[in-house]
file run.txt (compact mmCIF, N, CA and C atoms)
# COMPACT_ATOMS: atom_id res chain seq x y z
N MET A 1 -14.42 3.93 8.59
CA MET A 1 -14.11 4.12 9.99
C MET A 1 -13.01 3.14 10.39
N LYS A 2 -12.02 3.66 11.11
CA LYS A 2 -10.87 2.90 11.52
C LYS A 2 -11.21 2.07 12.77
N HIS A 3 -10.75 0.83 12.80
CA HIS A 3 -10.97 -0.04 13.96
C HIS A 3 -9.95 0.31 15.04
N THR A 4 -10.40 0.52 16.25
CA THR A 4 -9.53 0.87 17.36
C THR A 4 -8.78 -0.36 17.85
N LYS A 5 -7.47 -0.28 17.93
CA LYS A 5 -6.64 -1.36 18.46
C LYS A 5 -6.66 -1.26 19.98
N MET A 6 -6.82 -2.42 20.63
CA MET A 6 -6.96 -2.44 22.09
C MET A 6 -5.75 -3.12 22.73
N LEU A 7 -5.39 -2.64 23.92
CA LEU A 7 -4.44 -3.35 24.77
C LEU A 7 -5.22 -4.45 25.47
N LYS A 8 -4.68 -5.66 25.50
CA LYS A 8 -5.44 -6.77 26.07
C LYS A 8 -4.69 -7.49 27.17
N LYS A 9 -3.40 -7.59 27.07
CA LYS A 9 -2.61 -8.37 28.02
C LYS A 9 -2.28 -7.55 29.27
N ASN A 10 -2.17 -8.26 30.39
CA ASN A 10 -1.86 -7.61 31.65
C ASN A 10 -0.52 -6.89 31.59
N TYR A 11 0.48 -7.51 30.96
CA TYR A 11 1.80 -6.88 30.90
C TYR A 11 1.78 -5.60 30.06
N GLU A 12 0.90 -5.53 29.06
CA GLU A 12 0.78 -4.31 28.25
C GLU A 12 0.23 -3.17 29.11
N PHE A 13 -0.80 -3.46 29.91
CA PHE A 13 -1.35 -2.45 30.81
C PHE A 13 -0.30 -2.00 31.82
N ARG A 14 0.40 -2.97 32.44
CA ARG A 14 1.40 -2.63 33.45
C ARG A 14 2.52 -1.78 32.86
N ASN A 15 2.93 -2.08 31.65
CA ASN A 15 3.98 -1.32 30.98
C ASN A 15 3.57 0.14 30.82
N VAL A 16 2.36 0.39 30.36
CA VAL A 16 1.89 1.76 30.17
C VAL A 16 1.69 2.45 31.51
N LEU A 17 1.13 1.75 32.49
CA LEU A 17 0.89 2.36 33.80
C LEU A 17 2.19 2.68 34.53
N ASN A 18 3.22 1.86 34.36
CA ASN A 18 4.50 2.10 35.04
C ASN A 18 5.37 3.11 34.33
N ARG A 19 5.37 3.08 33.00
CA ARG A 19 6.30 3.93 32.24
C ARG A 19 5.63 5.13 31.57
N GLY A 20 4.31 5.13 31.51
CA GLY A 20 3.60 6.22 30.85
C GLY A 20 3.46 7.45 31.73
N LYS A 21 3.14 8.56 31.11
CA LYS A 21 2.94 9.81 31.84
C LYS A 21 1.46 9.98 32.14
N PRO A 22 1.12 10.25 33.41
CA PRO A 22 -0.30 10.40 33.75
C PRO A 22 -0.81 11.82 33.47
N TYR A 23 -2.03 11.89 33.00
CA TYR A 23 -2.74 13.16 32.81
C TYR A 23 -4.08 13.03 33.51
N PHE A 24 -4.40 14.02 34.34
CA PHE A 24 -5.57 13.93 35.21
C PHE A 24 -6.68 14.84 34.74
N GLY A 25 -7.88 14.29 34.68
CA GLY A 25 -9.07 15.06 34.42
C GLY A 25 -9.94 15.04 35.66
N LYS A 26 -11.13 15.54 35.54
CA LYS A 26 -12.04 15.56 36.69
C LYS A 26 -12.55 14.16 37.02
N TYR A 27 -12.81 13.34 36.00
CA TYR A 27 -13.37 12.01 36.20
C TYR A 27 -12.44 10.88 35.81
N ILE A 28 -11.53 11.13 34.87
CA ILE A 28 -10.67 10.06 34.38
C ILE A 28 -9.20 10.44 34.48
N VAL A 29 -8.36 9.43 34.46
CA VAL A 29 -6.91 9.58 34.41
C VAL A 29 -6.45 8.81 33.17
N VAL A 30 -5.56 9.41 32.40
CA VAL A 30 -5.05 8.75 31.19
C VAL A 30 -3.53 8.67 31.30
N PHE A 31 -3.02 7.45 31.13
CA PHE A 31 -1.58 7.23 31.07
C PHE A 31 -1.22 7.08 29.59
N ILE A 32 -0.25 7.87 29.13
CA ILE A 32 0.13 7.88 27.72
C ILE A 32 1.61 7.55 27.60
N LYS A 33 1.92 6.62 26.69
CA LYS A 33 3.30 6.20 26.47
C LYS A 33 3.53 6.02 24.97
N LYS A 34 4.66 6.50 24.49
CA LYS A 34 5.01 6.32 23.07
C LYS A 34 5.35 4.86 22.81
N ASN A 35 4.88 4.31 21.66
CA ASN A 35 5.09 2.87 21.42
C ASN A 35 5.91 2.55 20.16
N ASN A 36 6.18 3.50 19.29
CA ASN A 36 6.99 3.28 18.08
C ASN A 36 6.43 2.19 17.17
N LYS A 37 5.12 2.00 17.14
CA LYS A 37 4.51 0.97 16.30
C LYS A 37 3.74 1.55 15.12
N GLY A 38 3.52 2.84 15.08
CA GLY A 38 2.77 3.43 13.99
C GLY A 38 1.27 3.30 14.15
N GLU A 39 0.81 2.87 15.32
CA GLU A 39 -0.62 2.77 15.61
C GLU A 39 -0.86 3.17 17.06
N ASN A 40 -2.07 3.65 17.32
CA ASN A 40 -2.47 3.92 18.70
C ASN A 40 -3.16 2.70 19.28
N PHE A 41 -2.86 2.41 20.53
CA PHE A 41 -3.51 1.31 21.24
C PHE A 41 -4.23 1.88 22.45
N LEU A 42 -5.44 1.39 22.68
CA LEU A 42 -6.29 1.89 23.76
C LEU A 42 -6.53 0.80 24.79
N GLY A 43 -6.46 1.17 26.06
CA GLY A 43 -6.80 0.26 27.14
C GLY A 43 -7.70 0.98 28.13
N ILE A 44 -8.70 0.28 28.64
CA ILE A 44 -9.62 0.87 29.61
C ILE A 44 -9.68 -0.05 30.81
N ALA A 45 -9.45 0.50 32.00
CA ALA A 45 -9.48 -0.30 33.22
C ALA A 45 -10.38 0.40 34.23
N ILE A 46 -11.43 -0.28 34.65
CA ILE A 46 -12.36 0.24 35.65
C ILE A 46 -12.36 -0.74 36.81
N SER A 47 -12.08 -0.26 38.01
CA SER A 47 -12.00 -1.13 39.17
C SER A 47 -13.36 -1.74 39.51
N SER A 48 -13.34 -3.02 39.89
CA SER A 48 -14.59 -3.69 40.23
C SER A 48 -15.17 -3.16 41.54
N LYS A 49 -14.38 -2.41 42.31
CA LYS A 49 -14.87 -1.83 43.56
C LYS A 49 -15.80 -0.65 43.31
N LEU A 50 -15.80 -0.12 42.09
CA LEU A 50 -16.60 1.05 41.78
C LEU A 50 -18.06 0.73 41.52
N GLY A 51 -18.37 -0.46 41.10
CA GLY A 51 -19.75 -0.79 40.83
C GLY A 51 -19.87 -2.14 40.16
N LYS A 52 -21.11 -2.51 39.90
CA LYS A 52 -21.37 -3.80 39.27
C LYS A 52 -21.01 -3.74 37.78
N ALA A 53 -21.00 -4.88 37.13
CA ALA A 53 -20.53 -5.01 35.76
C ALA A 53 -21.30 -4.13 34.78
N VAL A 54 -22.60 -3.98 34.99
CA VAL A 54 -23.41 -3.18 34.06
C VAL A 54 -22.92 -1.74 34.03
N LYS A 55 -22.68 -1.15 35.20
CA LYS A 55 -22.22 0.24 35.26
C LYS A 55 -20.79 0.37 34.74
N ARG A 56 -19.93 -0.59 35.08
CA ARG A 56 -18.54 -0.54 34.60
C ARG A 56 -18.49 -0.62 33.08
N ASN A 57 -19.28 -1.51 32.50
CA ASN A 57 -19.31 -1.64 31.04
C ASN A 57 -19.90 -0.40 30.38
N TYR A 58 -20.86 0.25 31.03
CA TYR A 58 -21.43 1.50 30.52
C TYR A 58 -20.34 2.57 30.44
N VAL A 59 -19.53 2.69 31.49
CA VAL A 59 -18.45 3.67 31.50
C VAL A 59 -17.42 3.34 30.41
N LYS A 60 -17.11 2.07 30.23
CA LYS A 60 -16.17 1.67 29.18
C LYS A 60 -16.70 2.05 27.80
N ARG A 61 -18.00 1.84 27.58
CA ARG A 61 -18.59 2.20 26.28
C ARG A 61 -18.53 3.71 26.05
N ILE A 62 -18.78 4.49 27.09
CA ILE A 62 -18.71 5.95 26.96
C ILE A 62 -17.29 6.39 26.60
N ILE A 63 -16.31 5.85 27.31
CA ILE A 63 -14.91 6.22 27.04
C ILE A 63 -14.50 5.79 25.64
N ARG A 64 -14.86 4.57 25.25
CA ARG A 64 -14.51 4.06 23.92
C ARG A 64 -15.13 4.90 22.82
N GLU A 65 -16.38 5.29 22.99
CA GLU A 65 -17.07 6.10 21.97
C GLU A 65 -16.44 7.48 21.86
N ASN A 66 -16.11 8.09 23.00
CA ASN A 66 -15.45 9.40 22.97
C ASN A 66 -14.09 9.31 22.30
N TYR A 67 -13.36 8.24 22.58
CA TYR A 67 -12.05 8.06 21.95
C TYR A 67 -12.20 7.91 20.44
N LYS A 68 -13.18 7.11 20.00
CA LYS A 68 -13.39 6.92 18.56
C LYS A 68 -13.70 8.23 17.85
N ASN A 69 -14.43 9.12 18.53
CA ASN A 69 -14.77 10.39 17.92
C ASN A 69 -13.57 11.32 17.78
N THR A 70 -12.57 11.19 18.63
CA THR A 70 -11.39 12.05 18.56
C THR A 70 -10.18 11.36 17.94
N GLU A 71 -10.29 10.07 17.65
CA GLU A 71 -9.15 9.28 17.18
C GLU A 71 -8.52 9.84 15.90
N LYS A 72 -9.32 10.34 14.99
CA LYS A 72 -8.81 10.84 13.71
C LYS A 72 -7.94 12.08 13.89
N GLN A 73 -8.13 12.80 15.00
CA GLN A 73 -7.41 14.05 15.23
C GLN A 73 -6.13 13.85 16.05
N LEU A 74 -5.84 12.61 16.47
CA LEU A 74 -4.72 12.36 17.37
C LEU A 74 -3.46 11.96 16.63
N LYS A 75 -2.31 12.23 17.27
CA LYS A 75 -1.03 11.77 16.75
C LYS A 75 -0.98 10.25 16.83
N ILE A 76 -0.14 9.66 15.99
CA ILE A 76 -0.04 8.20 15.88
C ILE A 76 1.19 7.71 16.65
N GLY A 77 1.07 6.50 17.20
CA GLY A 77 2.22 5.85 17.83
C GLY A 77 2.23 5.93 19.35
N TYR A 78 1.07 5.83 19.97
CA TYR A 78 0.98 5.93 21.43
C TYR A 78 0.10 4.82 22.00
N ASP A 79 0.45 4.39 23.22
CA ASP A 79 -0.40 3.51 24.02
C ASP A 79 -1.08 4.38 25.06
N MET A 80 -2.38 4.17 25.26
CA MET A 80 -3.14 4.95 26.23
C MET A 80 -3.97 4.03 27.10
N VAL A 81 -3.94 4.28 28.40
CA VAL A 81 -4.77 3.54 29.33
C VAL A 81 -5.65 4.55 30.08
N PHE A 82 -6.96 4.34 30.00
CA PHE A 82 -7.93 5.20 30.67
C PHE A 82 -8.37 4.54 31.97
N LEU A 83 -8.35 5.30 33.05
CA LEU A 83 -8.83 4.82 34.35
C LEU A 83 -9.90 5.77 34.86
N TRP A 84 -10.92 5.23 35.51
CA TRP A 84 -11.94 6.05 36.17
C TRP A 84 -11.44 6.36 37.57
N LYS A 85 -11.53 7.62 37.99
CA LYS A 85 -11.06 8.00 39.32
C LYS A 85 -11.91 7.33 40.39
N LYS A 86 -11.26 6.77 41.39
CA LYS A 86 -11.97 6.05 42.44
C LYS A 86 -12.77 6.98 43.34
N GLN A 87 -12.37 8.26 43.43
CA GLN A 87 -13.08 9.20 44.28
C GLN A 87 -14.42 9.61 43.68
N LYS A 88 -14.57 9.47 42.38
CA LYS A 88 -15.80 9.89 41.69
C LYS A 88 -16.77 8.73 41.63
N ASP A 89 -18.02 9.04 41.91
CA ASP A 89 -19.07 8.03 41.87
C ASP A 89 -19.30 7.62 40.41
N ILE A 90 -19.37 6.33 40.18
CA ILE A 90 -19.52 5.81 38.81
C ILE A 90 -20.90 6.17 38.25
N ARG A 91 -21.85 6.49 39.12
CA ARG A 91 -23.18 6.88 38.65
C ARG A 91 -23.18 8.27 38.03
N GLN A 92 -22.08 9.03 38.21
CA GLN A 92 -21.97 10.35 37.60
C GLN A 92 -21.48 10.28 36.15
N ALA A 93 -21.21 9.08 35.68
CA ALA A 93 -20.69 8.91 34.33
C ALA A 93 -21.69 9.42 33.31
N CYS A 94 -21.26 10.36 32.51
CA CYS A 94 -22.12 10.97 31.49
C CYS A 94 -21.25 11.23 30.26
N TYR A 95 -21.81 11.05 29.11
CA TYR A 95 -21.07 11.20 27.85
C TYR A 95 -20.40 12.57 27.77
N SER A 96 -21.13 13.63 28.08
CA SER A 96 -20.59 14.99 27.93
C SER A 96 -19.48 15.28 28.94
N TYR A 97 -19.58 14.76 30.17
CA TYR A 97 -18.53 14.97 31.16
C TYR A 97 -17.23 14.30 30.71
N VAL A 98 -17.35 13.07 30.24
CA VAL A 98 -16.18 12.32 29.79
C VAL A 98 -15.59 12.98 28.54
N GLU A 99 -16.44 13.47 27.66
CA GLU A 99 -15.97 14.14 26.44
C GLU A 99 -15.13 15.37 26.79
N LYS A 100 -15.60 16.19 27.72
CA LYS A 100 -14.84 17.38 28.14
C LYS A 100 -13.51 16.98 28.78
N ASP A 101 -13.55 15.94 29.60
CA ASP A 101 -12.34 15.45 30.26
C ASP A 101 -11.30 15.00 29.23
N ILE A 102 -11.73 14.21 28.26
CA ILE A 102 -10.82 13.67 27.25
C ILE A 102 -10.24 14.80 26.41
N GLN A 103 -11.07 15.76 26.02
CA GLN A 103 -10.57 16.91 25.24
C GLN A 103 -9.50 17.66 26.03
N LYS A 104 -9.78 17.93 27.31
CA LYS A 104 -8.84 18.67 28.16
C LYS A 104 -7.53 17.90 28.31
N ILE A 105 -7.61 16.60 28.53
CA ILE A 105 -6.42 15.79 28.73
C ILE A 105 -5.59 15.72 27.45
N PHE A 106 -6.23 15.51 26.30
CA PHE A 106 -5.47 15.42 25.05
C PHE A 106 -4.85 16.76 24.68
N GLU A 107 -5.51 17.87 25.01
CA GLU A 107 -4.90 19.18 24.76
C GLU A 107 -3.69 19.38 25.65
N GLU A 108 -3.82 19.00 26.93
CA GLU A 108 -2.70 19.13 27.87
C GLU A 108 -1.52 18.25 27.45
N ALA A 109 -1.80 17.07 26.92
CA ALA A 109 -0.74 16.14 26.50
C ALA A 109 -0.22 16.45 25.10
N LYS A 110 -0.80 17.45 24.44
CA LYS A 110 -0.42 17.84 23.07
C LYS A 110 -0.51 16.65 22.11
N MET A 111 -1.63 15.95 22.19
CA MET A 111 -1.86 14.76 21.38
C MET A 111 -2.56 15.08 20.04
N PHE A 112 -3.12 16.27 19.92
CA PHE A 112 -3.83 16.61 18.68
C PHE A 112 -2.83 16.95 17.57
N LEU A 113 -3.19 16.58 16.33
CA LEU A 113 -2.36 16.88 15.17
C LEU A 113 -2.32 18.37 14.95
N GLU A 114 -1.18 18.86 14.49
CA GLU A 114 -1.04 20.28 14.15
C GLU A 114 -1.71 20.52 12.81
N GLU A 115 -2.44 21.60 12.71
CA GLU A 115 -3.14 21.91 11.44
C GLU A 115 -2.42 22.95 10.64
call {"tool": "encode", "arguments": {"input": "run.txt", "output": "structure tokens"}}
result
Amino acid sequence: MKHTKMLKKNYEFRNVLNRGKPYFGKYIVVFIKKNNKGENFLGIAISSKLGKAVKRNYVKRIIRENYKNTEKQLKIGYDMVFLWKKQKDIRQACYSYVEKDIQKIFEEAKMFLEE
């Protein structure tokens, strides 16, 4: 199993959010930007206004797990930042809802490898 590389620095997040292309799902928004590094980098940002740390970390774990399950099928060389929509209640976070959202977004962004 491949270890997922994470975006950690504030400037890395800002770079993707300012220059990346947004793709909208029902619950999440994903900003995708080409990075020319030969690896995919993942960033997850959940606003503290949405809920307490336990719920925010739960949503991060759901998003990270869904990403890991689809990572092998994705094109290489992109930075991605996942955001939870502020209009959606964080208590609605469910593995299957996020999975459908991520599949729809990656299909729309043409991120899946051609077979």
call {"tool": "atom_distance", "arguments": {"input": "run.txt", "atom1": "atom N of A:Ile63", "atom2": "atom CA of A:Trp84"}}
result
9.9 Å
call {"tool": "residues_around", "arguments": {"input": "run.txt", "residues": "A:Met80", "least_positions_apart": "2", "cutoff": "7 Å", "atoms": "only C-alpha atoms", "output": "list in words"}}
result
Val30, Phe31, Ile32, Lys33, Phe41, Leu42, Gly43, Tyr78 and Phe82 of chain A
call {"tool": "closest_residue", "arguments": {"input": "run.txt", "among": "A:Lys75, A:Val59, A:Val29, A:Arg19", "to": "A:Lys110", "atoms": "only C-alpha atoms"}}
result
A:Lys75
call {"tool": "atom_distance", "arguments": {"input": "run.txt", "atom1": "atom CA of A:Arg91", "atom2": "atom CA of A:Ala45"}}
result
16.4 Å
call {"tool": "atom_distance", "arguments": {"input": "run.txt", "atom1": "atom CA of A:Gly51", "atom2": "atom CA of A:Ile90"}}
result
6.9 Å
call {"tool": "residues_around", "arguments": {"input": "run.txt", "residues": "A:Met111", "least_positions_apart": "3", "cutoff": "7 Å", "atoms": "only N, CA and C atoms", "output": "list in words"}}
result
Gln73, Leu74, Lys75, Ile105, Phe106, Glu107, Glu108 and Glu114 of chain A
call {"tool": "closest_residue", "arguments": {"input": "run.txt", "among": "A:Leu7, A:Ile76, A:Tyr97, A:Lys52", "to": "A:Lys34", "atoms": "only N, CA and C atoms"}}
result
A:Ile76
call {"tool": "closest_residue", "arguments": {"input": "run.txt", "among": "A:Val81, A:Asn66, A:Tyr58, A:Ile44", "to": "A:Asn18", "atoms": "only C-alpha atoms"}}
result
A:Val81
call {"tool": "select_by_dssp", "arguments": {"input": "run.txt", "residues": "chain A", "states": "strand (DSSP E)", "output": "PyMOL selection string"}}
result
chain A and resi 5-6+21-24+28-34+41-45+78-84
call {"tool": "select_by_dssp", "arguments": {"input": "run.txt", "residues": "stretch 11-81 of chain A", "states": "helix (DSSP H, G or I)", "output": "ChimeraX atom specification"}}
result
/A:11-19,53-73
call {"tool": "residues_around", "arguments": {"input": "run.txt", "residues": "A:Thr70", "least_positions_apart": "5", "cutoff": "10 Å", "atoms": "only C-alpha atoms", "output": "list of chain:residue names"}}
result
A:Glu65, A:Glu99, A:Ile102, A:Gln103, A:Phe106, A:Phe112
call {"tool": "write_last_selection", "arguments": {"input": "run.txt", "atoms": "N, CA and C atoms", "output": "compact mmCIF listing (two decimals), in the coordinates of the input"}}
result
# COMPACT_ATOMS: atom_id res chain seq x y z
N GLU A 65 -16.38 5.29 22.99
CA GLU A 65 -17.07 6.10 21.97
C GLU A 65 -16.44 7.48 21.86
N GLU A 99 -16.44 13.47 27.66
CA GLU A 99 -15.97 14.14 26.44
C GLU A 99 -15.13 15.37 26.79
N ILE A 102 -11.73 14.21 28.26
CA ILE A 102 -10.82 13.67 27.25
C ILE A 102 -10.24 14.80 26.41
N GLN A 103 -11.07 15.76 26.02
CA GLN A 103 -10.57 16.91 25.24
C GLN A 103 -9.50 17.66 26.03
N PHE A 106 -6.23 15.51 26.30
CA PHE A 106 -5.47 15.42 25.05
C PHE A 106 -4.85 16.76 24.68
N PHE A 112 -3.12 16.27 19.92
CA PHE A 112 -3.83 16.61 18.68
C PHE A 112 -2.83 16.95 17.57
call {"tool": "closest_residue", "arguments": {"input": "run.txt", "among": "A:Lys104, A:Asn35, A:Glu71, A:Gly25", "to": "A:Lys85", "atoms": "only N, CA and C atoms"}}
result
A:Gly25
call {"tool": "closest_residue", "arguments": {"input": "run.txt", "among": "A:Gln92, A:Asn15, A:Lys8, A:Ile46", "to": "A:Lys60", "atoms": "only C-alpha atoms"}}
result
A:Ile46
call {"tool": "closest_residue", "arguments": {"input": "run.txt", "among": "A:Leu113, A:Lys5, A:Tyr27, A:Tyr95", "to": "A:Ile62", "atoms": "only N, CA and C atoms"}}
result
A:Tyr95
call {"tool": "build_atoms", "arguments": {"input": "run.txt", "residues": "stretch 29-52 of chain A", "atoms": "N, CA, C and O atoms", "output": "mmCIF file, in the frame of the given file"}}
result
data_model
loop_
_atom_site.group_PDB
_atom_site.id
_atom_site.type_symbol
_atom_site.label_atom_id
_atom_site.label_comp_id
_atom_site.auth_asym_id
_atom_site.auth_seq_id
_atom_site.Cartn_x
_atom_site.Cartn_y
_atom_site.Cartn_z
ATOM 1 N N VAL A 29 -8.360 9.430 34.460
ATOM 2 C CA VAL A 29 -6.910 9.580 34.410
ATOM 3 C C VAL A 29 -6.450 8.810 33.170
ATOM 4 O O VAL A 29 -6.919 7.695 32.926
ATOM 5 N N VAL A 30 -5.560 9.410 32.400
ATOM 6 C CA VAL A 30 -5.050 8.750 31.190
ATOM 7 C C VAL A 30 -3.530 8.670 31.300
ATOM 8 O O VAL A 30 -2.866 9.663 31.553
ATOM 9 N N PHE A 31 -3.020 7.450 31.130
ATOM 10 C CA PHE A 31 -1.580 7.230 31.070
ATOM 11 C C PHE A 31 -1.220 7.080 29.590
ATOM 12 O O PHE A 31 -1.814 6.259 28.889
ATOM 13 N N ILE A 32 -0.250 7.870 29.130
ATOM 14 C CA ILE A 32 0.130 7.880 27.720
ATOM 15 C C ILE A 32 1.610 7.550 27.600
ATOM 16 O O ILE A 32 2.443 8.121 28.305
ATOM 17 N N LYS A 33 1.920 6.620 26.690
ATOM 18 C CA LYS A 33 3.300 6.200 26.470
ATOM 19 C C LYS A 33 3.530 6.020 24.970
ATOM 20 O O LYS A 33 2.695 5.459 24.283
ATOM 21 N N LYS A 34 4.660 6.500 24.490
ATOM 22 C CA LYS A 34 5.010 6.320 23.070
ATOM 23 C C LYS A 34 5.350 4.860 22.810
ATOM 24 O O LYS A 34 5.982 4.216 23.643
ATOM 25 N N ASN A 35 4.880 4.310 21.660
ATOM 26 C CA ASN A 35 5.090 2.870 21.420
ATOM 27 C C ASN A 35 5.910 2.550 20.160
ATOM 28 O O ASN A 35 6.276 1.404 19.962
ATOM 29 N N ASN A 36 6.180 3.500 19.290
ATOM 30 C CA ASN A 36 6.990 3.280 18.080
ATOM 31 C C ASN A 36 6.430 2.190 17.170
ATOM 32 O O ASN A 36 7.185 1.499 16.498
ATOM 33 N N LYS A 37 5.120 2.000 17.140
ATOM 34 C CA LYS A 37 4.510 0.970 16.300
ATOM 35 C C LYS A 37 3.740 1.550 15.120
ATOM 36 O O LYS A 37 3.296 0.811 14.263
ATOM 37 N N GLY A 38 3.520 2.840 15.080
ATOM 38 C CA GLY A 38 2.770 3.430 13.990
ATOM 39 C C GLY A 38 1.270 3.300 14.150
ATOM 40 O O GLY A 38 0.528 3.573 13.213
ATOM 41 N N GLU A 39 0.810 2.870 15.320
ATOM 42 C CA GLU A 39 -0.620 2.770 15.610
ATOM 43 C C GLU A 39 -0.860 3.170 17.060
ATOM 44 O O GLU A 39 0.021 3.025 17.899
ATOM 45 N N ASN A 40 -2.070 3.650 17.320
ATOM 46 C CA ASN A 40 -2.470 3.920 18.700
ATOM 47 C C ASN A 40 -3.160 2.700 19.280
ATOM 48 O O ASN A 40 -3.949 2.048 18.597
ATOM 49 N N PHE A 41 -2.860 2.410 20.530
ATOM 50 C CA PHE A 41 -3.510 1.310 21.240
ATOM 51 C C PHE A 41 -4.230 1.880 22.450
ATOM 52 O O PHE A 41 -3.686 2.720 23.161
ATOM 53 N N LEU A 42 -5.440 1.390 22.680
ATOM 54 C CA LEU A 42 -6.290 1.890 23.760
ATOM 55 C C LEU A 42 -6.530 0.800 24.790
ATOM 56 O O LEU A 42 -6.787 -0.349 24.429
ATOM 57 N N GLY A 43 -6.460 1.170 26.060
ATOM 58 C CA GLY A 43 -6.800 0.260 27.140
ATOM 59 C C GLY A 43 -7.700 0.980 28.130
ATOM 60 O O GLY A 43 -7.501 2.172 28.395
ATOM 61 N N ILE A 44 -8.700 0.280 28.640
ATOM 62 C CA ILE A 44 -9.620 0.870 29.610
ATOM 63 C C ILE A 44 -9.680 -0.050 30.810
ATOM 64 O O ILE A 44 -9.945 -1.249 30.656
ATOM 65 N N ALA A 45 -9.450 0.500 32.000
ATOM 66 C CA ALA A 45 -9.480 -0.300 33.220
ATOM 67 C C ALA A 45 -10.380 0.400 34.230
ATOM 68 O O ALA A 45 -10.122 1.543 34.609
ATOM 69 N N ILE A 46 -11.430 -0.280 34.650
ATOM 70 C CA ILE A 46 -12.360 0.240 35.650
ATOM 71 C C ILE A 46 -12.360 -0.740 36.810
ATOM 72 O O ILE A 46 -12.633 -1.926 36.618
ATOM 73 N N SER A 47 -12.080 -0.260 38.010
ATOM 74 C CA SER A 47 -12.000 -1.130 39.170
ATOM 75 C C SER A 47 -13.360 -1.740 39.510
ATOM 76 O O SER A 47 -14.393 -1.070 39.445
ATOM 77 N N SER A 48 -13.340 -3.020 39.890
ATOM 78 C CA SER A 48 -14.590 -3.690 40.230
ATOM 79 C C SER A 48 -15.170 -3.160 41.540
ATOM 80 O O SER A 48 -16.329 -3.409 41.856
ATOM 81 N N LYS A 49 -14.380 -2.410 42.310
ATOM 82 C CA LYS A 49 -14.870 -1.830 43.560
ATOM 83 C C LYS A 49 -15.800 -0.650 43.310
ATOM 84 O O LYS A 49 -16.506 -0.220 44.216
ATOM 85 N N LEU A 50 -15.800 -0.120 42.090
ATOM 86 C CA LEU A 50 -16.600 1.050 41.780
ATOM 87 C C LEU A 50 -18.060 0.730 41.520
ATOM 88 O O LEU A 50 -18.909 1.604 41.654
ATOM 89 N N GLY A 51 -18.370 -0.460 41.100
ATOM 90 C CA GLY A 51 -19.750 -0.790 40.830
ATOM 91 C C GLY A 51 -19.870 -2.140 40.160
ATOM 92 O O GLY A 51 -18.882 -2.823 39.899
ATOM 93 N N LYS A 52 -21.110 -2.510 39.900
ATOM 94 C CA LYS A 52 -21.370 -3.800 39.270
ATOM 95 C C LYS A 52 -21.010 -3.740 37.780
ATOM 96 O O LYS A 52 -20.744 -2.677 37.225
#
